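**Q** Provided below: coords04.pdb, containing PDB, C-alpha atoms.
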ATOM      1  CA  MET A 240      48.223   9.214  41.272
ATOM      2  CA  ARG A 241      44.793   7.601  41.551
ATOM      3  CA  ILE A 242      44.377   3.960  40.605
ATOM      4  CA  GLU A 243      41.241   3.266  38.649
ATOM      5  CA  ALA A 244      39.125   0.128  39.004
ATOM      6  CA  GLN A 245      39.975  -0.849  35.420
ATOM      7  CA  THR A 246      43.694  -0.767  36.249
ATOM      8  CA  LEU A 247      43.162  -3.134  39.187
ATOM      9  CA  ARG A 248      41.180  -5.483  36.968
ATOM     10  CA  GLU A 249      43.942  -5.505  34.348
ATOM     11  CA  LEU A 250      46.600  -6.284  36.973
ATOM     12  CA  ASN A 251      44.510  -9.125  38.406
ATOM     13  CA  LEU A 252      45.852  -7.900  41.723
ATOM     14  CA  LEU A 253      43.108  -9.420  43.855
ATOM     15  CA  LYS A 254      42.507 -12.532  41.775
ATOM     16  CA  TYR A 255      44.101 -14.920  44.256
ATOM     17  CA  TYR A 256      43.632 -12.868  47.440
ATOM     18  CA  ARG A 257      41.275 -15.369  49.090
ATOM     19  CA  LEU A 258      43.530 -18.336  48.361
ATOM     20  CA  ILE A 259      46.657 -16.529  49.549
ATOM     21  CA  ARG A 260      44.856 -15.230  52.659
ATOM     22  CA  ARG A 261      43.715 -18.733  53.607
ATOM     23  CA  TRP A 262      47.215 -20.153  52.991
ATOM     24  CA  ALA A 263      48.910 -17.450  55.071
ATOM     25  CA  CYS A 264      46.445 -17.788  57.940
ATOM     26  CA  LYS A 265      46.787 -21.583  58.028
ATOM     27  CA  THR A 266      50.566 -21.651  57.549
ATOM     28  CA  TYR A 267      51.325 -18.986  60.165
ATOM     29  CA  ASN A 268      48.388 -19.707  62.500
ATOM     30  CA  LEU A 269      46.888 -16.230  62.018
ATOM     31  CA  LYS A 270      43.351 -14.957  62.203
ATOM     32  CA  ASP A 271      42.021 -12.951  59.256
ATOM     33  CA  ALA A 272      42.088  -9.793  61.378
ATOM     34  CA  ASP A 273      45.763 -10.389  62.279
ATOM     35  CA  LEU A 274      46.680 -10.742  58.612
ATOM     36  CA  GLU A 275      44.808  -7.572  57.664
ATOM     37  CA  LEU A 276      46.572  -5.642  60.428
ATOM     38  CA  LEU A 277      49.943  -6.965  59.202
ATOM     39  CA  ILE A 278      49.105  -5.853  55.649
ATOM     40  CA  TYR A 279      48.174  -2.396  56.983
ATOM     41  CA  LEU A 280      51.410  -2.127  58.971
ATOM     42  CA  ASP A 281      53.504  -3.373  56.036
ATOM     43  CA  CYS A 282      52.318  -0.363  54.050
ATOM     44  CA  LYS A 283      53.642   1.891  56.814
ATOM     45  CA  GLU A 284      57.209   0.484  56.489
ATOM     46  CA  HIS A 285      58.502   1.870  59.824
ATOM     47  CA  PHE A 286      55.756   2.506  62.323
ATOM     48  CA  THR A 287      55.387   3.691  65.879
ATOM     49  CA  ARG A 288      53.353   2.150  68.674
ATOM     50  CA  ASN A 289      50.731   4.845  68.130
ATOM     51  CA  GLN A 290      50.478   3.960  64.428
ATOM     52  CA  PHE A 291      50.027   0.312  65.438
ATOM     53  CA  ILE A 292      47.226   1.311  67.799
ATOM     54  CA  GLU A 293      45.703   3.502  65.077
ATOM     55  CA  GLY A 294      45.768   0.549  62.691
ATOM     56  CA  ALA A 295      44.165  -1.727  65.253
ATOM     57  CA  TYR A 296      41.389   0.814  65.747
ATOM     58  CA  THR A 297      40.950   1.126  61.985
ATOM     59  CA  TYR A 298      39.981  -2.536  62.056
ATOM     60  CA  SER A 299      37.580  -2.204  64.963
ATOM     61  CA  TRP A 300      36.900  -5.956  65.171
ATOM     62  CA  ILE A 301      40.520  -6.584  66.139
ATOM     63  CA  LYS A 302      40.875  -7.030  69.881
ATOM     64  CA  THR A 303      44.631  -7.210  70.287
ATOM     65  CA  ASP A 304      47.455  -5.466  72.058
ATOM     66  CA  GLY A 305      50.017  -6.876  69.642
ATOM     67  CA  LYS A 306      51.364  -9.516  72.016
ATOM     68  CA  ASP A 307      49.810 -12.346  69.987
ATOM     69  CA  LEU A 308      51.405 -11.098  66.782
ATOM     70  CA  GLY A 309      54.768 -10.786  68.480
ATOM     71  CA  LYS A 310      54.606 -14.393  69.667
ATOM     72  CA  LYS A 311      53.685 -15.626  66.186
ATOM     73  CA  ALA A 312      56.498 -13.677  64.526
ATOM     74  CA  GLY A 313      59.163 -14.941  66.915
TER
END
Re-express the file's structure as structure tokens.
**A**
Amino acid sequence: MRIEAQTLRELNLLKYYRLIRRWACKTYNLKDADLELLIYLDCKEHFTRNQFIEGAYTYSWIKTDGKDLGKKAG
């Protein structure tokens, strides 16, 4: 099923994205790139190390090996 732009507008899905992103980054001491990688991995549900690496390469500006995210989560 393909989601159309009109459907996204009607859902107001991204209406508060910037506010929520800034709150999450400040509250959990994350960088924008870290948050975007976490959103990507959340969509994967269960993921392997290779999928993590693939996601990090998808966001080419992310320079991480995952150790920072592990420290922040724990």
**Q** Please indicate the distance in Å from CA of Thr287 in chain A to CA of Leu274 in chain A, rounded to one decimal place.
**A** 18.4 Å
**Q** Can you list, as a list in words, every protein, DNA or RNA residue that comes within 12 Å of Arg260 in chain A when you count all atoms listed in the file, leaving out same-chain residues fewer than 5 positions away?
**A**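 Within the cut-off, the hits are Leu253, Lys254, Tyr255, Lys265, Thr266, Tyr267, Asn268, Leu269, Lys270, Asp271, Ala272, Asp273, Leu274, Glu275, Leu277 and Ile278 of chain A.
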**Q** Go ahead and write the residues just picked, C-alpha atoms, as a PDB file, in the coordinates of the input.
**A**
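Contents of part.pdb, freshly written:
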ATOM      1  CA  LEU A 253      43.108  -9.420  43.855  1.00  0.00           C
ATOM      2  CA  LYS A 254      42.507 -12.532  41.775  1.00  0.00           C
ATOM      3  CA  TYR A 255      44.101 -14.920  44.256  1.00  0.00           C
ATOM      4  CA  LYS A 265      46.787 -21.583  58.028  1.00  0.00           C
ATOM      5  CA  THR A 266      50.566 -21.651  57.549  1.00  0.00           C
ATOM      6  CA  TYR A 267      51.325 -18.986  60.165  1.00  0.00           C
ATOM      7  CA  ASN A 268      48.388 -19.707  62.500  1.00  0.00           C
ATOM      8  CA  LEU A 269      46.888 -16.230  62.018  1.00  0.00           C
ATOM      9  CA  LYS A 270      43.351 -14.957  62.203  1.00  0.00           C
ATOM     10  CA  ASP A 271      42.021 -12.951  59.256  1.00  0.00           C
ATOM     11  CA  ALA A 272      42.088  -9.793  61.378  1.00  0.00           C
ATOM     12  CA  ASP A 273      45.763 -10.389  62.279  1.00  0.00           C
ATOM     13  CA  LEU A 274      46.680 -10.742  58.612  1.00  0.00           C
ATOM     14  CA  GLU A 275      44.808  -7.572  57.664  1.00  0.00           C
ATOM     15  CA  LEU A 277      49.943  -6.965  59.202  1.00  0.00           C
ATOM     16  CA  ILE A 278      49.105  -5.853  55.649  1.00  0.00           C
TER      17      ILE A 278
END
**Q** Between CA of Ala244 in chain A and CA of Ile259 in chain A, what is the spacing in Å?
**A** 21.1 Å
**Q** Can you work out the spacing between CA of Leu247 in chain A and CA of Leu280 in chain A in Å, to one decimal?
**A** 21.5 Å
